[in-house]
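Structure file entry.cif (mmCIF, C-alpha atoms and all ligand atoms) follows.
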```
data_my_file
#
loop_
_atom_site.group_PDB
_atom_site.id
_atom_site.type_symbol
_atom_site.label_atom_id
_atom_site.label_comp_id
_atom_site.auth_asym_id
_atom_site.auth_seq_id
_atom_site.Cartn_x
_atom_site.Cartn_y
_atom_site.Cartn_z
ATOM 1 C CA MET A 285 14.749 -12.809 20.377
ATOM 2 C CA LYS A 286 17.270 -9.938 20.227
ATOM 3 C CA LEU A 287 15.921 -6.447 19.584
ATOM 4 C CA ASP A 288 19.077 -4.391 19.142
ATOM 5 C CA ASN A 289 19.253 -4.045 15.365
ATOM 6 C CA VAL A 290 16.650 -1.468 14.322
ATOM 7 C CA ILE A 291 16.032 -1.354 10.560
ATOM 8 C CA ALA A 292 13.131 1.102 10.433
ATOM 9 C CA VAL A 293 11.319 3.422 12.830
ATOM 10 C CA ARG A 294 7.747 4.595 12.304
ATOM 11 C CA LYS A 295 5.439 6.790 14.363
ATOM 12 C CA ASN A 296 4.018 3.907 16.390
ATOM 13 C CA LYS A 297 6.119 0.863 15.500
ATOM 14 C CA LYS A 298 9.707 -0.263 15.160
ATOM 15 C CA ILE A 299 11.139 -2.883 12.823
ATOM 16 C CA TYR A 300 14.156 -4.969 13.903
ATOM 17 C CA ARG A 301 16.358 -7.621 12.371
ATOM 18 C CA ASP A 302 17.484 -10.640 14.331
ATOM 19 C CA GLY A 303 19.424 -12.969 12.036
ATOM 20 C CA GLU A 304 16.988 -14.540 9.583
ATOM 21 C CA LYS A 305 14.020 -12.867 11.233
ATOM 22 C CA CYS A 306 12.414 -9.454 10.863
ATOM 23 C CA ILE A 307 10.354 -8.341 13.877
ATOM 24 C CA LYS A 308 7.754 -5.612 13.644
ATOM 25 C CA VAL A 309 6.961 -4.357 17.170
ATOM 26 C CA PHE A 310 3.882 -2.181 17.632
ATOM 27 C CA ASP A 311 3.371 0.440 20.351
ATOM 28 C CA LYS A 312 0.772 -0.266 22.988
ATOM 29 C CA SER A 313 -1.453 2.445 21.452
ATOM 30 C CA TYR A 314 -1.770 0.404 18.220
ATOM 31 C CA SER A 315 -5.075 -1.350 17.602
ATOM 32 C CA LYS A 316 -4.753 -5.068 18.359
ATOM 33 C CA ALA A 317 -7.338 -5.783 15.666
ATOM 34 C CA ASP A 318 -5.258 -3.921 13.061
ATOM 35 C CA ILE A 319 -2.140 -5.885 14.007
ATOM 36 C CA LEU A 320 -3.940 -9.222 13.777
ATOM 37 C CA ASN A 321 -5.528 -8.088 10.515
ATOM 38 C CA GLU A 322 -2.068 -7.406 9.069
ATOM 39 C CA ALA A 323 -0.945 -10.912 10.061
ATOM 40 C CA LEU A 324 -4.116 -12.503 8.697
ATOM 41 C CA ASN A 325 -3.831 -10.605 5.403
ATOM 42 C CA GLN A 326 -0.242 -11.756 5.124
ATOM 43 C CA ALA A 327 -1.269 -15.398 5.681
ATOM 44 C CA ARG A 328 -4.024 -15.112 3.086
ATOM 45 C CA ILE A 329 -1.708 -13.530 0.504
ATOM 46 C CA GLU A 330 0.914 -16.237 1.074
ATOM 47 C CA GLU A 331 -1.689 -18.671 -0.267
ATOM 48 C CA THR A 332 -1.900 -16.802 -3.600
ATOM 49 C CA GLY A 333 1.671 -17.758 -4.480
ATOM 50 C CA LEU A 334 2.976 -14.176 -4.659
ATOM 51 C CA ASN A 335 6.535 -13.683 -3.474
ATOM 52 C CA LEU A 336 6.525 -12.222 0.040
ATOM 53 C CA PRO A 337 8.392 -12.750 3.306
ATOM 54 C CA LYS A 338 6.803 -15.629 5.230
ATOM 55 C CA LEU A 339 4.840 -14.912 8.366
ATOM 56 C CA LEU A 340 6.574 -16.816 11.194
ATOM 57 C CA GLU A 341 4.970 -15.746 14.487
ATOM 58 C CA VAL A 342 2.527 -13.370 16.103
ATOM 59 C CA LYS A 343 3.397 -12.793 19.758
ATOM 60 C CA THR A 344 3.837 -10.274 22.527
ATOM 61 C CA ILE A 345 7.245 -9.003 23.612
ATOM 62 C CA ASP A 346 7.287 -7.117 26.932
ATOM 63 C CA GLY A 347 3.571 -6.537 26.635
ATOM 64 C CA LYS A 348 3.760 -5.224 23.042
ATOM 65 C CA TRP A 349 2.318 -7.040 20.045
ATOM 66 C CA ALA A 350 4.852 -8.148 17.467
ATOM 67 C CA ILE A 351 4.746 -9.837 14.073
ATOM 68 C CA VAL A 352 7.753 -11.933 13.085
ATOM 69 C CA TYR A 353 8.508 -12.258 9.377
ATOM 70 C CA GLU A 354 11.240 -13.937 7.434
ATOM 71 C CA TYR A 355 14.022 -11.367 6.881
ATOM 72 C CA ILE A 356 14.656 -10.573 3.215
ATOM 73 C CA SER A 357 18.131 -9.321 2.611
ATOM 74 C CA GLY A 358 18.454 -6.827 -0.204
ATOM 75 C CA LYS A 359 17.402 -3.261 -0.911
ATOM 76 C CA THR A 360 13.992 -1.679 -1.185
ATOM 77 C CA LEU A 361 13.044 -0.145 -4.530
ATOM 78 C CA ALA A 362 12.880 3.179 -2.639
ATOM 79 C CA GLU A 363 16.572 2.846 -1.712
ATOM 80 C CA LEU A 364 17.464 1.817 -5.259
ATOM 81 C CA MET A 365 15.563 4.778 -6.730
ATOM 82 C CA GLU A 366 17.482 7.132 -4.379
ATOM 83 C CA GLU A 367 20.826 5.571 -5.259
ATOM 84 C CA ASN A 368 20.343 5.289 -9.026
ATOM 85 C CA PRO A 369 17.927 7.985 -10.197
ATOM 86 C CA GLN A 370 19.064 7.413 -13.784
ATOM 87 C CA ARG A 371 17.547 3.910 -13.640
ATOM 88 C CA ILE A 372 14.073 5.102 -12.705
ATOM 89 C CA ASP A 373 12.437 3.719 -15.884
ATOM 90 C CA GLU A 374 13.774 0.249 -15.165
ATOM 91 C CA TYR A 375 12.550 0.379 -11.542
ATOM 92 C CA LEU A 376 9.101 1.582 -12.574
ATOM 93 C CA GLU A 377 8.878 -1.343 -15.014
ATOM 94 C CA ILE A 378 9.598 -3.761 -12.168
ATOM 95 C CA MET A 379 7.070 -2.020 -9.959
ATOM 96 C CA VAL A 380 4.268 -2.017 -12.531
ATOM 97 C CA ASP A 381 4.893 -5.649 -13.537
ATOM 98 C CA LEU A 382 4.713 -6.677 -9.873
ATOM 99 C CA GLN A 383 1.520 -4.733 -9.266
ATOM 100 C CA LEU A 384 -0.048 -6.289 -12.375
ATOM 101 C CA GLU A 385 0.881 -9.712 -10.997
ATOM 102 C CA VAL A 386 -0.777 -8.870 -7.652
ATOM 103 C CA HIS A 387 -3.948 -7.919 -9.530
ATOM 104 C CA THR A 388 -4.092 -11.328 -11.257
ATOM 105 C CA LYS A 389 -4.595 -12.965 -7.826
ATOM 106 C CA ARG A 390 -7.849 -13.695 -5.984
ATOM 107 C CA SER A 391 -8.333 -14.149 -2.258
ATOM 108 C CA PRO A 392 -12.068 -14.468 -1.573
ATOM 109 C CA LEU A 393 -11.818 -14.031 2.220
ATOM 110 C CA LEU A 394 -9.866 -10.771 2.100
ATOM 111 C CA ASN A 395 -11.673 -7.601 3.255
ATOM 112 C CA LYS A 396 -13.525 -5.781 0.494
ATOM 113 C CA LEU A 397 -12.060 -2.575 -0.891
ATOM 114 C CA LYS A 398 -15.473 -0.924 -1.259
ATOM 115 C CA ASP A 399 -16.366 -1.631 2.395
ATOM 116 C CA LYS A 400 -13.099 -0.129 3.527
ATOM 117 C CA MET A 401 -13.494 2.960 1.303
ATOM 118 C CA ASN A 402 -17.067 3.516 2.492
ATOM 119 C CA ARG A 403 -15.892 3.417 6.118
ATOM 120 C CA LYS A 404 -13.013 5.794 5.414
ATOM 121 C CA ILE A 405 -15.222 8.296 3.572
ATOM 122 C CA SER A 406 -17.512 8.359 6.623
ATOM 123 C CA GLN A 407 -14.514 9.033 8.882
ATOM 124 C CA THR A 408 -13.236 12.076 6.931
ATOM 125 C CA THR A 409 -13.725 15.687 7.950
ATOM 126 C CA LEU A 410 -15.340 16.422 4.557
ATOM 127 C CA ASP A 411 -18.754 18.118 4.555
ATOM 128 C CA GLU A 412 -21.828 15.935 4.122
ATOM 129 C CA THR A 413 -22.443 16.856 0.474
ATOM 130 C CA THR A 414 -18.927 15.855 -0.533
ATOM 131 C CA ARG A 415 -19.166 12.640 1.491
ATOM 132 C CA TYR A 416 -22.494 11.855 -0.162
ATOM 133 C CA ASP A 417 -20.981 12.455 -3.625
ATOM 134 C CA LEU A 418 -18.045 10.181 -2.780
ATOM 135 C CA HIS A 419 -20.270 7.379 -1.453
ATOM 136 C CA THR A 420 -22.370 7.642 -4.634
ATOM 137 C CA ARG A 421 -19.302 7.616 -6.859
ATOM 138 C CA LEU A 422 -17.968 4.555 -5.022
ATOM 139 C CA GLU A 423 -21.276 2.740 -5.383
ATOM 140 C CA SER A 424 -21.254 3.335 -9.147
ATOM 141 C CA MET A 425 -17.842 1.704 -9.619
ATOM 142 C CA PRO A 426 -17.739 -1.723 -11.290
ATOM 143 C CA LYS A 427 -17.700 -4.739 -8.984
ATOM 144 C CA HIS A 428 -14.251 -6.320 -9.072
ATOM 145 C CA ASN A 429 -12.436 -8.764 -6.788
ATOM 146 C CA LYS A 430 -8.754 -8.412 -7.600
ATOM 147 C CA VAL A 431 -6.186 -8.567 -4.832
ATOM 148 C CA CYS A 432 -5.101 -4.978 -4.101
ATOM 149 C CA HIS A 433 -2.054 -4.231 -1.968
ATOM 150 C CA GLY A 434 -3.405 -0.908 -0.707
ATOM 151 C CA ASP A 435 -0.009 0.707 -0.033
ATOM 152 C CA PHE A 436 1.947 -0.271 -3.107
ATOM 153 C CA ASN A 437 4.984 2.018 -3.014
ATOM 154 C CA PRO A 438 8.735 1.512 -3.515
ATOM 155 C CA SER A 439 9.444 1.137 0.238
ATOM 156 C CA ASN A 440 7.261 -1.964 0.290
ATOM 157 C CA ILE A 441 9.243 -3.810 -2.383
ATOM 158 C CA ILE A 442 12.593 -5.466 -1.642
ATOM 159 C CA ILE A 443 14.881 -6.757 -4.377
ATOM 160 C CA ASP A 444 17.081 -9.501 -2.970
ATOM 161 C CA GLU A 445 20.672 -10.280 -3.987
ATOM 162 C CA ASN A 446 19.512 -12.489 -6.869
ATOM 163 C CA GLY A 447 17.293 -9.743 -8.230
ATOM 164 C CA THR A 448 14.106 -11.436 -6.990
ATOM 165 C CA PRO A 449 11.440 -8.970 -5.864
ATOM 166 C CA TYR A 450 9.447 -9.436 -2.634
ATOM 167 C CA ILE A 451 6.329 -7.445 -1.731
ATOM 168 C CA LEU A 452 6.028 -6.470 1.950
ATOM 169 C CA ASP A 453 3.525 -4.846 4.228
ATOM 170 C CA TRP A 454 0.076 -6.276 3.470
ATOM 171 C CA ALA A 455 -1.634 -4.373 6.290
ATOM 172 C CA HIS A 456 -3.897 -2.520 3.844
ATOM 173 C CA ALA A 457 -4.649 -5.344 1.407
ATOM 174 C CA THR A 458 -8.211 -5.781 0.152
ATOM 175 C CA GLN A 459 -10.029 -7.275 -2.839
ATOM 176 C CA GLY A 460 -11.608 -4.912 -5.342
ATOM 177 C CA ASN A 461 -10.761 -2.595 -8.228
ATOM 178 C CA ALA A 462 -7.178 -2.501 -9.457
ATOM 179 C CA SER A 463 -7.648 1.120 -10.567
ATOM 180 C CA ALA A 464 -8.159 2.141 -6.936
ATOM 181 C CA ASP A 465 -4.862 0.468 -6.042
ATOM 182 C CA VAL A 466 -3.149 2.324 -8.886
ATOM 183 C CA ALA A 467 -4.733 5.653 -7.887
ATOM 184 C CA ARG A 468 -3.309 5.157 -4.373
ATOM 185 C CA THR A 469 0.222 4.473 -5.661
ATOM 186 C CA TYR A 470 -0.029 7.582 -7.865
ATOM 187 C CA LEU A 471 -1.177 9.651 -4.888
ATOM 188 C CA LEU A 472 1.597 8.290 -2.650
ATOM 189 C CA PHE A 473 4.216 9.415 -5.201
ATOM 190 C CA CYS A 474 2.560 12.866 -5.272
ATOM 191 C CA LEU A 475 2.496 13.085 -1.461
ATOM 192 C CA ALA A 476 6.214 12.293 -1.475
ATOM 193 C CA GLY A 477 6.718 15.268 -3.836
ATOM 194 C CA LYS A 478 7.568 12.975 -6.750
ATOM 195 C CA ASN A 479 5.043 14.279 -9.274
ATOM 196 C CA GLU A 480 7.129 13.508 -12.329
ATOM 197 C CA ILE A 481 7.594 9.890 -11.254
ATOM 198 C CA ALA A 482 3.874 9.703 -10.422
ATOM 199 C CA GLU A 483 2.992 10.662 -14.015
ATOM 200 C CA LYS A 484 5.516 8.228 -15.497
ATOM 201 C CA TYR A 485 4.201 5.467 -13.252
ATOM 202 C CA LEU A 486 0.593 6.118 -14.235
ATOM 203 C CA ASP A 487 1.399 6.295 -17.955
ATOM 204 C CA LEU A 488 3.317 3.042 -17.741
ATOM 205 C CA PHE A 489 0.625 1.215 -15.769
ATOM 206 C CA CYS A 490 -2.126 2.325 -18.150
ATOM 207 C CA GLU A 491 -0.051 1.400 -21.186
ATOM 208 C CA LYS A 492 0.905 -2.050 -19.874
ATOM 209 C CA SER A 493 -2.564 -2.925 -18.636
ATOM 210 C CA ASP A 494 -4.400 -1.265 -21.547
ATOM 211 C CA THR A 495 -6.411 0.763 -19.007
ATOM 212 C CA PRO A 496 -7.812 4.188 -19.937
ATOM 213 C CA LYS A 497 -6.316 6.781 -17.565
ATOM 214 C CA ARG A 498 -9.774 8.014 -16.739
ATOM 215 C CA TYR A 499 -10.590 4.735 -14.951
ATOM 216 C CA VAL A 500 -7.793 5.458 -12.513
ATOM 217 C CA GLN A 501 -8.562 9.179 -12.274
ATOM 218 C CA ASN A 502 -12.173 8.397 -11.363
ATOM 219 C CA TRP A 503 -10.842 6.793 -8.172
ATOM 220 C CA MET A 504 -8.626 9.712 -7.154
ATOM 221 C CA PRO A 505 -11.197 11.635 -5.067
ATOM 222 C CA ILE A 506 -12.211 8.452 -3.205
ATOM 223 C CA VAL A 507 -8.654 7.357 -2.575
ATOM 224 C CA ALA A 508 -7.613 10.895 -1.535
ATOM 225 C CA ALA A 509 -10.521 11.020 0.912
ATOM 226 C CA SER A 510 -9.560 7.677 2.442
ATOM 227 C CA GLN A 511 -5.900 8.698 2.671
ATOM 228 C CA SER A 512 -6.884 11.979 4.403
ATOM 229 C CA VAL A 513 -8.118 10.019 7.429
ATOM 230 C CA LYS A 514 -4.576 9.021 8.387
ATOM 231 C CA GLY A 515 -2.651 11.818 6.659
ATOM 232 C CA ASN A 516 -0.710 14.370 8.676
ATOM 233 C CA GLU A 517 -1.761 18.034 8.847
ATOM 234 C CA ASN A 518 0.054 19.241 5.659
ATOM 235 C CA GLU A 519 -1.040 16.227 3.666
ATOM 236 C CA ARG A 520 -4.629 16.571 4.745
ATOM 237 C CA GLU A 521 -5.118 19.948 3.065
ATOM 238 C CA PHE A 522 -3.826 18.603 -0.246
ATOM 239 C CA LEU A 523 -5.867 15.403 0.051
ATOM 240 C CA ILE A 524 -9.070 17.214 0.979
ATOM 241 C CA SER A 525 -8.715 19.400 -2.119
ATOM 242 C CA TRP A 526 -8.347 16.247 -4.251
ATOM 243 C CA ALA A 527 -11.278 14.582 -2.556
ATOM 244 C CA SER A 528 -13.485 17.555 -3.361
ATOM 245 C CA VAL A 529 -12.849 17.379 -7.106
ATOM 246 C CA VAL A 530 -16.003 15.932 -8.586
ATOM 247 C CA ASP A 531 -14.965 15.518 -12.204
ATOM 248 C CA TYR A 532 -11.686 15.321 -14.055
ATOM 249 C CA ASP A 533 -11.190 16.765 -17.513
HETATM 250 N N1 LIG B 1 10.652 -8.986 6.028
HETATM 251 C C1 LIG B 1 11.475 -7.961 5.897
HETATM 252 N N2 LIG B 1 12.752 -8.144 5.495
HETATM 253 C C2 LIG B 1 13.588 -7.090 5.356
HETATM 254 N N3 LIG B 1 13.253 -5.811 5.593
HETATM 255 C C3 LIG B 1 12.004 -5.559 5.976
HETATM 256 C C4 LIG B 1 11.044 -6.609 6.150
HETATM 257 N N4 LIG B 1 9.882 -6.067 6.559
HETATM 258 C C5 LIG B 1 10.095 -4.737 6.637
HETATM 259 N N5 LIG B 1 11.361 -4.416 6.279
HETATM 260 C C6 LIG B 1 11.952 -3.053 6.229
HETATM 261 O O1 LIG B 1 11.251 -2.222 7.154
HETATM 262 C C7 LIG B 1 10.540 -1.181 6.464
HETATM 263 C C8 LIG B 1 9.174 -0.952 7.115
HETATM 264 O O2 LIG B 1 8.433 -2.171 7.136
HETATM 265 P P1 LIG B 1 6.910 -2.232 6.692
HETATM 266 O O3 LIG B 1 6.426 -3.615 6.947
HETATM 267 O O4 LIG B 1 6.783 -1.720 5.308
HETATM 268 O O5 LIG B 1 6.256 -1.241 7.759
HETATM 269 P P2 LIG B 1 5.332 0.047 7.593
HETATM 270 O O6 LIG B 1 3.961 -0.459 7.827
HETATM 271 O O7 LIG B 1 5.743 0.958 8.693
HETATM 272 O O8 LIG B 1 5.556 0.658 6.260
HETATM 273 C C9 LIG B 1 10.452 -1.648 5.013
HETATM 274 O O9 LIG B 1 10.363 -0.559 4.130
HETATM 275 C C10 LIG B 1 11.757 -2.427 4.863
HETATM 276 O O10 LIG B 1 12.832 -1.527 4.634
HETATM 277 MG MG MG B 2 5.774 -0.148 4.473
#
```

Once more with this new file: its structure as C-alpha cells, please.
Amino acid sequence: MKLDNVIAVRKNKKIYRDGEKCIKVFDKSYSKADILNEALNQARIEETGLNLPKLLEVKTIDGKWAIVYEYISGKTLAELMEENPQRIDEYLEIMVDLQLEVHTKRSPLLNKLKDKMNRKISQTTLDETTRYDLHTRLESMPKHNKVCHGDFNPSNIIIDENGTPYILDWAHATQGNASADVARTYLLFCLAGKNEIAEKYLDLFCEKSDTPKRYVQNWMPIVAASQSVKGNENEREFLISWASVVDYD
C-alpha cells in the first residue's frame, strides 16, 4: 500500500489515496477503541443501504492503526460551496435531503445518542448545576431511534462525477433524535463562522421535515456541551456559553 498521496491532514490522523483506495491512518495517540468503533459504525451503516464508501480493511501500517475505504472520486460539498457560493441554496437542498434520508434508517445495534450525550455532559468543565440541568433536559427528550450521523457537515459529503452523493465519516454515528443531529450541523456551521448558512440550513430542514424550530433549539445546549469536550480553546468559550442557556425564546 503506497502512502505518498495525502488528501487530508488532521490533528491526529492523515488520509491518503492509493488508486481505488482511501486510507485513513491514525496517530499512535488515538484510541484504538475509537478507531474500531468508526469501522464498526461504518459496517453497520453499510447495511442500511445508504450510499457510502465501502469499508475494505482495518489493519496496522508501521504500528499505526489504519482504516481502508473505497476511494470516491469527486468533490466534497465543502469544496463545492467554496467554489460556487452562488449555488449555496442548491447545495443546502442536497444536504438536507441526504440528512433526511439518513434519518429514515434504523440500525438497532448502533450506540445510543442519549448514552453518548450523557457521557459527554459528564466530561465537560461546566459547573454541577448546569450539568444537572443538561442531564435533566436530555432525560426529558422523546425516545427516538433514528440513525444520526453525528458530524453531518459539507466536508463529509462527496459528490462524484455522476452527481451521486456519498456520506463519509461515520465515527460519530448513533441512533436517537434527528433534532440533535440537526442541532449539531447548525452548530458546526456557526463554529465555522457561517452563521447565515446555518440559519438557511435550519430553516430549510425544518420546512422540509415539518419540524418546529424549537425542537431543534431545545437540543442546542446539550449538543454545545458535548461539542465543548473536544472543541479547541476559542470554540470552548462559545460552546460553554451556548450550553449554559437554559431556555430559548
Ligand atoms: N473514501 C473517501 N474517498 C475520497 N475522499 C475521502 C474519503 N474519505 C475521506 N476523504 C477525504 O478526506 C477528508 C477527511 O476524511 P474524514 O473521513 O471525513 O476524516 P475526519 O474524521 O478527519 O473528518 C474528507 O473530507 C474527504 O475530503
Ligand atoms: Mg470528516

**Residue contacts of A:Tyr300 (10 Å, all atoms listed in the file) excluding same-chain residues fewer than 5 positions away, as a ChimeraX atom specification** = /A:286-293,305-309,352,355

**Asked** What is the atom CA of A:Glu445 to atom CA of A:Gly358 distance in Å?
**Response** 5.6 Å

Report as a Markdown table: every residue of chain A with an atom at most 8 Å from ligand MG 2 (chain B), its closest pair of atoms, and their distance in Å to one decimal, counting all atoms listed in the file, with rows sorted by chain and ascending residue number.
```
| residue | atom | partner | partner_atom | distance |
| --- | --- | --- | --- | --- |
| A:Asp435 | CA | B:MG2 | MG | 7.4 |
| A:Asn437 | CA | B:MG2 | MG | 7.8 |
| A:Ser439 | CA | B:MG2 | MG | 5.7 |
| A:Asn440 | CA | B:MG2 | MG | 4.8 |
| A:Leu452 | CA | B:MG2 | MG | 6.8 |
| A:Asp453 | CA | B:MG2 | MG | 5.2 |
```

**Request:** Expand the PyMOL selection byres (((chain A and resi 522) around 12) and not hetatm) into the individual residues it matches in the shown file, reporting them as a list of chain:residue names.
**Result:** A:Leu471, A:Leu472, A:Cys474, A:Leu475, A:Ala476, A:Gly477, A:Pro505, A:Ala508, A:Ala509, A:Gln511, A:Ser512, A:Gly515, A:Asn516, A:Glu517, A:Asn518, A:Glu519, A:Arg520, A:Glu521, A:Leu523, A:Ile524, A:Ser525, A:Trp526, A:Ala527, A:Ser528, A:Val529

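Using all atoms listed in the file, the smallest distance between any of A:Gly347, A:Gly460, A:Pro449, A:Gly434 and A:Ile378 comes from A:Pro449.
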
**Request:** Find the residues near A:Glu341: any atom within 10 Å, counting all atoms listed in the file, skip ones fewer than 6 places away on the same chain, and give them as a list in words.
**Result:**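 Close residues of A:Glu341: Ile307, Ala323, Ala350, Ile351, Val352, Tyr353 and Glu354 of chain A.
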
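The nearest approach to A:Val507 among the residues A:Ser313, A:Gln326, A:Thr458, A:Thr469, with all atoms listed in the file taken into account, belongs to A:Thr469.
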
**Asked** From the list A:Asp381, A:Cys432, A:Ile443, A:Ile372, which residue is nearest ligand LIG 1 (chain B) when using all atoms listed in the file?
**Response**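 Nearest candidate to ligand LIG 1 (chain B) out of A:Asp381, A:Cys432, A:Ile443, A:Ile372: A:Ile443.
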
Write out as AutoDock Vina command-line options an axis-aligned box for ligand LIG 1 (chain B): all of its atoms listed in the file, 5 Å added on each side, centre and edge lengths in Å with one decimal.
```
--center_x 8.8 --center_y -4.0 --center_z 6.4 --size_x 19.6 --size_y 19.9 --size_z 14.6
```

**Fill in**
What separates atom O3 of ligand LIG 1 (chain B) and atom CA of A:Ser493 is a distance of 27.1 Å

**Asked** Got a sec to resolve the PyMOL selection byres (((chain A and resi 398) around 10) and not hetatm) on this structure and send the residues as a list of chain:residue names?
**Response** A:Asn395, A:Lys396, A:Leu397, A:Asp399, A:Lys400, A:Met401, A:Asn402, A:Arg403, A:Lys404, A:His419, A:Leu422, A:Glu423, A:Met425, A:Lys427, A:His428, A:Thr458, A:Gln459, A:Gly460, A:Asn461, A:Ala464

**Item:** Length of the atom C7 of ligand LIG 1 (chain B) to atom CA of A:Asn368 vector [Å]
**Value:**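 Distance between the two atoms: 19.4 Å.
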
**From A:Lys348, A:Lys478, A:His387, A:Lys492, residue lying nearest A:Ser463 [all atoms listed in the file]** =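 For A:Ser463, the nearest of the candidates is A:His387.
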
**Request:** Go through A:Asp444, A:Ile405, A:Tyr499, A:Ile451 one by one, measure the shortest atom-to-atom distance of each to A:Glu330 using only C-alpha atoms, and give the residue with the smallest value.
**Result:** A:Ile451

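Nearest to A:Asn335 of all the residues A:Leu320, A:Ile481, A:Ile442, A:Ala457 is A:Ile442, counting all atoms listed in the file.
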
**Asked** Could you write out as an NGL selection string the residues that the PyMOL selection byres (((chain A and resi 334) around 12) and not hetatm) matches in the shown file?
**Response** :A and (326-333 or 335-338 or 382-391 or 431 or 433 or 448-452 or 454)

**Request:** Take the point (3.2, 2.8, 18.7) in the file's coordinates, draw a sphere of radius 7 Å around it, and report as an MDAnalysis selection string every protein, DNA or RNA residue with an atom inside or on it, counting all atoms listed in the file.
**Result:** chainID A and resid 295:297 310:314
